[in-house]
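Chemist: Supplied structure: protein_22.cif, mmCIF, C-alpha atoms (C1' of nucleotides).
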data_entry
loop_
_atom_site.group_PDB
_atom_site.id
_atom_site.type_symbol
_atom_site.label_atom_id
_atom_site.label_comp_id
_atom_site.auth_asym_id
_atom_site.auth_seq_id
_atom_site.Cartn_x
_atom_site.Cartn_y
_atom_site.Cartn_z
ATOM 1 C CA MET A 1 6.482 -9.659 -11.258
ATOM 2 C CA PRO A 2 5.499 -11.102 -7.964
ATOM 3 C CA GLU A 3 5.403 -8.750 -5.035
ATOM 4 C CA LEU A 4 4.300 -9.564 -1.510
ATOM 5 C CA PRO A 5 0.620 -10.337 -2.262
ATOM 6 C CA GLU A 6 1.495 -12.710 -5.077
ATOM 7 C CA VAL A 7 4.062 -14.557 -2.956
ATOM 8 C CA GLU A 8 1.614 -14.736 -0.060
ATOM 9 C CA THR A 9 -1.074 -16.166 -2.346
ATOM 10 C CA ILE A 10 1.299 -18.864 -3.520
ATOM 11 C CA ARG A 11 2.344 -19.623 0.055
ATOM 12 C CA ARG A 12 -1.256 -20.139 1.136
ATOM 13 C CA GLN A 13 -1.988 -22.322 -1.840
ATOM 14 C CA LEU A 14 1.075 -24.471 -1.242
ATOM 15 C CA ARG A 15 -0.045 -24.970 2.327
ATOM 16 C CA GLU A 16 -3.594 -25.835 1.235
ATOM 17 C CA ALA A 17 -2.175 -28.294 -1.256
ATOM 18 C CA GLY A 18 -0.498 -30.065 1.662
ATOM 19 C CA VAL A 19 3.112 -29.400 0.740
ATOM 20 C CA ASN A 20 4.107 -29.003 4.365
ATOM 21 C CA GLY A 21 4.757 -32.216 6.212
ATOM 22 C CA ARG A 22 6.169 -33.885 3.120
ATOM 23 C CA VAL A 23 9.684 -35.171 2.610
ATOM 24 C CA ILE A 24 11.710 -33.821 -0.288
ATOM 25 C CA GLU A 25 12.729 -37.095 -1.887
ATOM 26 C CA THR A 26 14.421 -36.049 -5.102
ATOM 27 C CA VAL A 27 15.723 -32.711 -6.317
ATOM 28 C CA HIS A 28 16.208 -31.770 -9.962
ATOM 29 C CA VAL A 29 18.051 -28.603 -10.941
ATOM 30 C CA GLU A 30 17.485 -27.705 -14.581
ATOM 31 C CA TRP A 31 19.166 -24.283 -14.561
ATOM 32 C CA PRO A 32 22.251 -24.263 -12.332
ATOM 33 C CA ARG A 33 22.202 -20.537 -11.573
ATOM 34 C CA THR A 34 18.821 -20.952 -9.911
ATOM 35 C CA VAL A 35 20.629 -22.426 -6.898
ATOM 36 C CA ASP A 36 23.631 -20.074 -7.053
ATOM 37 C CA PRO A 37 25.994 -19.878 -5.194
ATOM 38 C CA LEU A 38 25.753 -23.631 -4.582
ATOM 39 C CA SER A 39 26.413 -26.148 -7.293
ATOM 40 C CA PRO A 40 23.392 -28.251 -8.250
ATOM 41 C CA ALA A 41 25.101 -31.295 -6.758
ATOM 42 C CA VAL A 42 25.666 -29.680 -3.373
ATOM 43 C CA PHE A 43 22.202 -28.163 -3.380
ATOM 44 C CA ARG A 44 20.614 -31.526 -4.135
ATOM 45 C CA LYS A 45 22.582 -33.193 -1.401
ATOM 46 C CA GLN A 46 21.599 -30.595 1.201
ATOM 47 C CA VAL A 47 17.906 -30.547 0.359
ATOM 48 C CA ALA A 48 17.129 -34.169 -0.422
ATOM 49 C CA GLY A 49 15.763 -36.050 2.575
ATOM 50 C CA CYS A 50 14.601 -32.937 4.421
ATOM 51 C CA THR A 51 11.028 -32.532 5.576
ATOM 52 C CA ILE A 52 9.100 -29.337 4.851
ATOM 53 C CA GLU A 53 7.783 -28.445 8.267
ATOM 54 C CA ARG A 54 6.226 -25.085 7.601
ATOM 55 C CA LEU A 55 5.820 -22.493 4.893
ATOM 56 C CA SER A 56 6.408 -18.900 5.795
ATOM 57 C CA ARG A 57 7.271 -15.675 4.034
ATOM 58 C CA HIS A 58 9.074 -12.426 4.611
ATOM 59 C CA GLY A 59 8.678 -9.687 2.023
ATOM 60 C CA LYS A 60 8.962 -11.338 -1.353
ATOM 61 C CA TRP A 61 10.855 -14.358 -0.014
ATOM 62 C CA LEU A 62 9.066 -17.642 0.359
ATOM 63 C CA ILE A 63 10.534 -19.728 3.163
ATOM 64 C CA PHE A 64 10.272 -23.512 3.224
ATOM 65 C CA GLU A 65 11.147 -24.306 6.818
ATOM 66 C CA LEU A 66 13.026 -27.585 6.809
ATOM 67 C CA ASP A 67 13.868 -29.996 9.588
ATOM 68 C CA GLY A 68 17.608 -29.705 8.896
ATOM 69 C CA GLU A 69 19.953 -26.841 9.665
ATOM 70 C CA ASN A 70 18.817 -24.762 6.741
ATOM 71 C CA ASN A 71 15.645 -23.451 5.298
ATOM 72 C CA LEU A 72 14.945 -23.295 1.608
ATOM 73 C CA LEU A 73 14.575 -19.626 0.669
ATOM 74 C CA VAL A 74 12.954 -18.850 -2.652
ATOM 75 C CA HIS A 75 12.759 -15.538 -4.493
ATOM 76 C CA LEU A 76 10.562 -15.475 -7.592
ATOM 77 C CA ARG A 77 12.073 -12.241 -8.979
ATOM 78 C CA MET A 78 10.318 -11.270 -12.198
ATOM 79 C CA THR A 79 8.776 -14.406 -13.639
ATOM 80 C CA GLY A 80 9.142 -17.184 -11.089
ATOM 81 C CA GLY A 81 6.233 -19.315 -9.976
ATOM 82 C CA PHE A 82 5.275 -22.772 -8.801
ATOM 83 C CA TYR A 83 2.942 -25.448 -10.020
ATOM 84 C CA LEU A 84 2.219 -28.968 -8.852
ATOM 85 C CA SER A 85 1.944 -32.258 -10.637
ATOM 86 C CA GLN A 86 1.197 -35.746 -9.429
ATOM 87 C CA GLY A 87 2.878 -39.044 -10.238
ATOM 88 C CA THR A 88 5.372 -39.658 -13.028
ATOM 89 C CA LEU A 89 7.510 -36.576 -13.498
ATOM 90 C CA LYS A 90 7.033 -34.659 -16.708
ATOM 91 C CA LYS A 91 9.243 -31.581 -16.922
ATOM 92 C CA GLY A 92 7.720 -28.364 -18.255
ATOM 93 C CA PRO A 93 9.547 -26.093 -20.725
ATOM 94 C CA HIS A 94 10.417 -23.398 -18.174
ATOM 95 C CA ASP A 95 11.051 -25.607 -15.165
ATOM 96 C CA ARG A 96 14.283 -24.511 -13.452
ATOM 97 C CA ALA A 97 14.065 -26.831 -10.448
ATOM 98 C CA ILE A 98 11.735 -29.599 -9.367
ATOM 99 C CA LEU A 99 11.273 -31.083 -5.916
ATOM 100 C CA GLN A 100 9.750 -34.549 -5.834
ATOM 101 C CA LEU A 101 7.900 -34.845 -2.555
ATOM 102 C CA SER A 102 6.628 -37.846 -0.652
ATOM 103 C CA GLY A 103 3.216 -39.073 -1.771
ATOM 104 C CA GLY A 104 4.075 -38.569 -5.428
ATOM 105 C CA LEU A 105 3.641 -34.795 -5.432
ATOM 106 C CA ASN A 106 6.001 -32.858 -7.697
ATOM 107 C CA LEU A 107 6.692 -29.213 -7.004
ATOM 108 C CA HIS A 108 7.862 -27.422 -10.155
ATOM 109 C CA PHE A 109 9.674 -24.094 -9.966
ATOM 110 C CA ARG A 110 8.966 -22.436 -13.296
ATOM 111 C CA ASP A 111 10.786 -19.270 -14.318
ATOM 112 C CA PRO A 112 10.978 -18.172 -17.970
ATOM 113 C CA ARG A 113 13.481 -15.368 -17.382
ATOM 114 C CA LYS A 114 15.708 -17.402 -15.064
ATOM 115 C CA PHE A 115 16.091 -14.605 -12.512
ATOM 116 C CA GLY A 116 14.496 -16.507 -9.646
ATOM 117 C CA ARG A 117 16.696 -17.945 -6.903
ATOM 118 C CA MET A 118 16.643 -20.787 -4.415
ATOM 119 C CA ARG A 119 19.014 -20.452 -1.501
ATOM 120 C CA LEU A 120 19.752 -22.303 1.689
ATOM 121 C CA GLY A 121 19.920 -20.363 4.913
ATOM 122 C CA ALA A 122 18.116 -19.572 8.126
ATOM 123 C CA PHE A 123 16.424 -16.428 6.880
ATOM 124 C CA PRO A 124 16.797 -14.013 3.958
ATOM 125 C CA ASN A 125 19.321 -11.233 4.590
ATOM 126 C CA GLY A 126 18.975 -7.494 4.490
ATOM 127 C CA LEU A 127 15.223 -7.165 4.815
ATOM 128 C CA GLY A 128 13.280 -4.601 6.768
ATOM 129 C CA PRO A 129 9.959 -5.364 8.441
ATOM 130 C CA ASP A 130 7.373 -7.151 6.352
ATOM 131 C CA ALA A 131 4.850 -4.837 4.715
ATOM 132 C CA MET A 132 1.953 -6.809 6.224
ATOM 133 C CA GLU A 133 3.319 -6.572 9.711
ATOM 134 C CA ILE A 134 5.034 -3.220 10.015
ATOM 135 C CA GLY A 135 3.526 -0.974 12.677
ATOM 136 C CA PRO A 136 3.084 2.789 12.389
ATOM 137 C CA ARG A 137 5.828 3.548 14.896
ATOM 138 C CA GLN A 138 8.392 1.500 13.053
ATOM 139 C CA PHE A 139 7.294 2.968 9.735
ATOM 140 C CA PHE A 140 7.580 6.524 11.033
ATOM 141 C CA GLN A 141 10.993 5.934 12.576
ATOM 142 C CA THR A 142 12.529 4.748 9.347
ATOM 143 C CA LEU A 143 10.788 7.433 7.334
ATOM 144 C CA GLU A 144 12.246 10.093 9.586
ATOM 145 C CA LYS A 145 15.807 8.855 9.161
ATOM 146 C CA THR A 146 16.032 9.729 5.505
ATOM 147 C CA ASN A 147 15.326 12.349 2.909
ATOM 148 C CA ARG A 148 15.100 10.017 -0.059
ATOM 149 C CA GLY A 149 12.383 10.145 -2.656
ATOM 150 C CA LEU A 150 9.307 8.216 -1.610
ATOM 151 C CA LYS A 151 9.156 5.783 -4.486
ATOM 152 C CA ALA A 152 12.812 4.807 -4.128
ATOM 153 C CA LEU A 153 12.211 4.328 -0.418
ATOM 154 C CA LEU A 154 9.168 2.102 -0.851
ATOM 155 C CA LEU A 155 11.085 -0.088 -3.284
ATOM 156 C CA ASP A 156 13.997 -0.447 -0.865
ATOM 157 C CA GLN A 157 13.529 -3.872 0.727
ATOM 158 C CA SER A 158 15.703 -2.942 3.688
ATOM 159 C CA PHE A 159 13.203 -0.203 4.572
ATOM 160 C CA ILE A 160 10.050 -2.246 4.111
ATOM 161 C CA ALA A 161 9.984 -5.744 2.665
ATOM 162 C CA GLY A 162 7.493 -6.775 0.031
ATOM 163 C CA VAL A 163 6.543 -3.616 -1.858
ATOM 164 C CA GLY A 164 7.363 -3.657 -5.573
ATOM 165 C CA ASN A 165 6.699 -1.411 -8.531
ATOM 166 C CA ILE A 166 2.941 -1.925 -8.823
ATOM 167 C CA TYR A 167 2.057 -1.584 -5.163
ATOM 168 C CA ALA A 168 4.475 1.326 -4.691
ATOM 169 C CA ASP A 169 2.666 3.321 -7.369
ATOM 170 C CA GLU A 170 -0.726 2.315 -6.010
ATOM 171 C CA ALA A 171 0.210 3.244 -2.449
ATOM 172 C CA LEU A 172 1.571 6.649 -3.469
ATOM 173 C CA PHE A 173 -1.613 7.336 -5.374
ATOM 174 C CA GLU A 174 -3.794 6.345 -2.422
ATOM 175 C CA ALA A 175 -1.729 8.605 -0.173
ATOM 176 C CA ARG A 176 -1.909 11.421 -2.780
ATOM 177 C CA LEU A 177 1.860 11.774 -2.616
ATOM 178 C CA HIS A 178 4.161 12.442 -5.552
ATOM 179 C CA PRO A 179 6.625 9.588 -6.216
ATOM 180 C CA GLU A 180 9.615 11.953 -6.040
ATOM 181 C CA ARG A 181 8.494 13.756 -2.931
ATOM 182 C CA ARG A 182 11.279 13.744 -0.333
ATOM 183 C CA ALA A 183 10.615 11.805 2.849
ATOM 184 C CA GLY A 184 11.889 14.691 4.963
ATOM 185 C CA THR A 185 9.182 17.045 3.732
ATOM 186 C CA LEU A 186 6.186 14.987 4.869
ATOM 187 C CA SER A 187 3.804 16.330 7.482
ATOM 188 C CA GLU A 188 2.587 14.021 10.238
ATOM 189 C CA ASP A 189 -0.706 13.566 8.406
ATOM 190 C CA GLU A 190 1.088 12.685 5.201
ATOM 191 C CA LYS A 191 3.276 10.123 6.945
ATOM 192 C CA LEU A 192 0.197 8.517 8.406
ATOM 193 C CA ALA A 193 -1.554 8.588 5.043
ATOM 194 C CA LEU A 194 1.420 6.841 3.460
ATOM 195 C CA TYR A 195 1.522 4.216 6.188
ATOM 196 C CA HIS A 196 -2.162 3.448 5.762
ATOM 197 C CA ALA A 197 -1.910 3.467 1.983
ATOM 198 C CA VAL A 198 0.945 0.959 1.933
ATOM 199 C CA THR A 199 -0.683 -1.460 4.345
ATOM 200 C CA GLN A 200 -4.111 -1.145 2.721
ATOM 201 C CA VAL A 201 -2.867 -1.662 -0.799
ATOM 202 C CA ILE A 202 -0.836 -4.702 0.212
ATOM 203 C CA GLN A 203 -3.700 -6.200 2.190
ATOM 204 C CA ALA A 204 -6.151 -5.632 -0.643
ATOM 205 C CA GLY A 205 -3.708 -7.346 -2.983
ATOM 206 C CA VAL A 206 -3.552 -10.368 -0.684
ATOM 207 C CA ARG A 207 -7.354 -10.491 -0.295
ATOM 208 C CA ASN A 208 -7.768 -10.511 -4.052
ATOM 209 C CA GLY A 209 -5.152 -13.172 -4.657
ATOM 210 C CA GLY A 210 -2.508 -10.893 -6.192
ATOM 211 C CA THR A 211 -2.256 -8.750 -9.292
ATOM 212 C CA SER A 212 -2.095 -9.956 -12.887
ATOM 213 C CA LEU A 213 -2.025 -7.442 -15.697
ATOM 214 C CA GLY A 214 -2.605 -8.115 -19.370
ATOM 215 C CA ASP A 215 -1.918 -11.634 -20.512
ATOM 216 C CA GLY A 216 1.790 -11.471 -21.186
ATOM 217 C CA GLN A 217 3.971 -14.519 -20.791
ATOM 218 C CA GLY A 218 5.702 -13.259 -17.686
ATOM 219 C CA ASN A 219 2.419 -12.365 -16.115
ATOM 220 C CA TYR A 220 1.724 -13.613 -12.647
ATOM 221 C CA THR A 221 -0.382 -16.703 -12.151
ATOM 222 C CA ASP A 222 -0.989 -18.537 -8.925
ATOM 223 C CA LEU A 223 -0.251 -22.161 -8.095
ATOM 224 C CA ASN A 224 -3.184 -23.293 -10.200
ATOM 225 C CA GLY A 225 -2.302 -21.137 -13.200
ATOM 226 C CA ASN A 226 -5.027 -18.601 -12.446
ATOM 227 C CA SER A 227 -4.695 -14.832 -12.667
ATOM 228 C CA GLY A 228 -4.900 -12.707 -9.544
ATOM 229 C CA GLY A 229 -8.101 -10.735 -9.021
ATOM 230 C CA HIS A 230 -6.410 -7.500 -8.019
ATOM 231 C CA GLY A 231 -5.451 -6.447 -11.565
ATOM 232 C CA GLU A 232 -8.816 -4.872 -12.244
ATOM 233 C CA ARG A 233 -8.556 -2.817 -9.068
ATOM 234 C CA VAL A 234 -5.271 -1.188 -9.959
ATOM 235 C CA LYS A 235 -5.794 2.551 -10.246
ATOM 236 C CA VAL A 236 -2.555 3.882 -11.731
ATOM 237 C CA TYR A 237 -0.032 1.177 -12.634
ATOM 238 C CA GLY A 238 -0.165 0.438 -16.361
ATOM 239 C CA ARG A 239 -2.778 3.160 -16.900
ATOM 240 C CA ALA A 240 -0.604 6.024 -18.182
ATOM 241 C CA GLY A 241 -2.632 8.446 -20.293
ATOM 242 C CA GLN A 242 -5.920 7.138 -18.979
ATOM 243 C CA PRO A 243 -8.069 9.320 -16.744
ATOM 244 C CA CYS A 244 -7.339 9.498 -13.039
ATOM 245 C CA VAL A 245 -10.203 7.806 -11.195
ATOM 246 C CA VAL A 246 -10.365 10.776 -8.825
ATOM 247 C CA CYS A 247 -9.953 13.915 -10.946
ATOM 248 C CA GLY A 248 -10.266 12.672 -14.521
ATOM 249 C CA ASN A 249 -6.980 14.177 -15.732
ATOM 250 C CA PRO A 250 -4.739 11.845 -17.738
ATOM 251 C CA LEU A 251 -2.204 9.933 -15.646
ATOM 252 C CA SER A 252 1.492 10.747 -16.159
ATOM 253 C CA GLN A 253 4.325 8.294 -16.699
ATOM 254 C CA THR A 254 7.992 8.822 -15.857
ATOM 255 C CA LYS A 255 11.002 6.839 -14.753
ATOM 256 C CA VAL A 256 11.993 6.979 -11.113
ATOM 257 C CA THR A 257 15.038 4.943 -10.089
ATOM 258 C CA GLN A 258 14.893 3.392 -13.555
ATOM 259 C CA ARG A 259 11.437 2.022 -12.917
ATOM 260 C CA THR A 260 8.317 2.925 -14.823
ATOM 261 C CA THR A 261 6.217 5.125 -12.594
ATOM 262 C CA VAL A 262 2.621 6.181 -13.154
ATOM 263 C CA PHE A 263 0.954 8.860 -11.095
ATOM 264 C CA CYS A 264 -1.569 11.678 -11.199
ATOM 265 C CA ALA A 265 0.220 15.012 -11.449
ATOM 266 C CA HIS A 266 -2.947 16.746 -10.291
ATOM 267 C CA CYS A 267 -3.777 14.634 -7.221
ATOM 268 C CA GLN A 268 -0.311 13.612 -6.005
ATOM 269 C CA LYS A 269 1.739 16.379 -4.410
ATOM 270 C "C1'" DG B 1 22.274 7.987 -7.832
ATOM 271 C "C1'" DA B 2 22.982 5.837 -12.342
ATOM 272 C "C1'" DA B 3 23.932 2.240 -15.487
ATOM 273 C "C1'" DG B 4 24.737 -2.312 -16.716
ATOM 274 C "C1'" DA B 5 24.026 -7.253 -15.822
ATOM 275 C "C1'" DC B 6 21.213 -11.105 -15.445
ATOM 276 C "C1'" DC B 7 17.338 -13.483 -19.125
ATOM 277 C "C1'" DT B 8 13.221 -14.607 -22.168
ATOM 278 C "C1'" DG B 9 9.191 -13.598 -24.564
ATOM 279 C "C1'" DC B 10 5.549 -10.555 -25.704
ATOM 280 C "C1'" DT B 11 3.929 -6.187 -28.013
ATOM 281 C "C1'" DA B 12 4.204 -2.327 -31.001
ATOM 282 C "C1'" DT C 1 13.219 -5.330 -35.060
ATOM 283 C "C1'" DA C 2 13.364 -2.506 -31.092
ATOM 284 C "C1'" DG C 3 11.582 -1.831 -26.782
ATOM 285 C "C1'" DC C 4 9.663 -3.282 -22.713
ATOM 286 C "C1'" DA C 5 8.586 -6.108 -18.297
ATOM 287 C "C1'" DG C 6 5.833 -7.184 -11.663
ATOM 288 C "C1'" DG C 7 13.374 -7.557 -9.241
ATOM 289 C "C1'" DT C 8 17.723 -7.336 -7.361
ATOM 290 C "C1'" DC C 9 22.970 -7.174 -7.668
ATOM 291 C "C1'" DT C 10 27.274 -5.191 -8.804
ATOM 292 C "C1'" DT C 11 30.090 -1.508 -10.229
ATOM 293 C "C1'" DC C 12 31.113 2.832 -10.964
#
I'd like the structure from this file rewritten - as C-alpha cells, please.
Modeler:
Amino acid sequence: MPELPEVETIRRQLREAGVNGRVIETVHVEWPRTVDPLSPAVFRKQVAGCTIERLSRHGKWLIFELDGENNLLVHLRMTGGFYLSQGTLKKGPHDRAILQLSGGLNLHFRDPRKFGRMRLGAFPNGLGPDAMEIGPRQFFQTLEKTNRGLKALLLDQSFIAGVGNIYADEALFEARLHPERRAGTLSEDEKLALYHAVTQVIQAGVRNGGTSLGDGQGNYTDLNGNSGGHGERVKVYGRAGQPCVVCGNPLSQTKVTQRTTVFCAHCQK
DNA sequence: GAAGACCTGCTA
DNA sequence: TAGCAGGTCTTC
C-alpha cells in the first residue's frame, strides 16, 4: 500500500520522534523472511550496536543511515508500517521485527502480509530518480527512450522511483492521458503535462500525509496509527463507476500490467 | 508481456 | 467461500 508519500510521511514522523541519534541496542526478528537473504542471527549481529545517524528515503525505500558499513534499507511493500512504544517490550500481533533503541524506545515493524523487507546495504538497487526530485529534462530523456504504455512505465521503479498504483492512476488522470497510451506517441505538451502531473500528485500526497482508502486492515496508517489525509482527494483510484469530477461520465476500470486501473475514457486520451 | 509466487485479512 | 488488495520478484 505505501507509495512514496506514505513512506515520506513515516520518515518525517520517525525523525520528529527522535529516532535518529539513537543506538540500536537489541534486535528481534519475528518473521525470518523479513530480513531475507540474511538469517535473523546474522542480521541481529550486524545491526545491534549501530547508531541511526540519519533517516532518508529513495522512492519507496526508507533508509536508516547507520554508523557502520551498512545502512538499514526498509521496503514496506503492501502492508508494512512502523509504530513506536516506550519501555518494557510488548510485541504486537503483526510485528515482524522490533528494534529496541537507546532511551527505552521500541521501533516495531508491523506487516500483516509479511511482504515487507529489511536489508543491509549502502543504497537500494535498481532505482531511477526519486519522484520528488526528478527534473523535467531527466523525465523527458527516459520517456523518449521507450514506447511502453504509460501506466507500466510509471510503475517501473527503474524509470521513476516512488510511484505506485494509486498515484499512477491519479497522475494519468491529471495529465488527461490514457493509461495504455504509448510513450512514443506523446507530444511535447503531453510529456510536460505528464511530468507536472506526476510531481504534483506526489507532492500533494506528501503534503496531506499520504493516502488511506476505506478502513481495510491493510490500509495505510502513519506512525501514530492515523489515516492519511489524501484519500479524500483521490479523483479516480477506487472510484470506478462513479462520475468523473471533470466530465461527469462514469469512470472505467480495467487491468493494465495486472494492476487495477481506473480512468476516464472520455477525458483521458 | 504474462502469470505465478509471496501472504493475510477484509468485503461481497 | 471466492475474490480482492496501495508491491516486487522470478520464471517462462
Chemist: Between atom CA of Gly121 of chain A and atom CA of Gln13 of chain A, what distance in Å does the model show, to one decimal?
Modeler: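 One can read the atom CA of Gly121 of chain A to atom CA of Gln13 of chain A distance as 23.0 Å.
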Chemist: Box time for chain C: axis-aligned, enclosing all its listed atoms, 6 Å extra on each side; report centre and edge lengths in Å to one decimal, as AutoDock Vina command-line options.
Modeler:
--center_x 18.5 --center_y -2.4 --center_z -21.2 --size_x 37.3 --size_y 22.4 --size_z 39.7
Chemist: Please write the residues picked by the PyMOL selection byres ((chain A) within 12 of (chain B)) on this file as a VMD selection string.
Modeler: chain A and resid 31 33 to 34 77 to 79 94 111 to 117 148 to 149 152 214 to 219 256 to 258
Chemist: What does the distance from atom CA of Pro124 of chain A to atom CA of Leu73 of chain A come to in Å, to one decimal?
Modeler: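 Taking atom CA of Pro124 of chain A as the start and atom CA of Leu73 of chain A as the end point, the length is 6.9 Å.
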Chemist: Quick one: which residues from chain A are at most 7 Å off chain C, using only C-alpha atoms (C1' of nucleotides), as a list in words?
Modeler: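 Taken together, these residues fit the definition: Met1, Pro2, Glu3, Arg77, Met78, Asn165 and Ile166 of chain A.
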Chemist: Around the point (13.0, -17.6, 2.6) in the file's coordinates, collect all residues with an atom within 6 Å, using all atoms listed in the file, and return them as a count of residues only.
Modeler: 7
Chemist: Do a neighbour search on Ser187 of chain A at 12 Å with all atoms listed in the file, toss out local chain neighbours closer than 5 positions, and write the hits as an MDAnalysis selection string.
Modeler: chainID A and resid 140 143:144 177 181:182 192:194
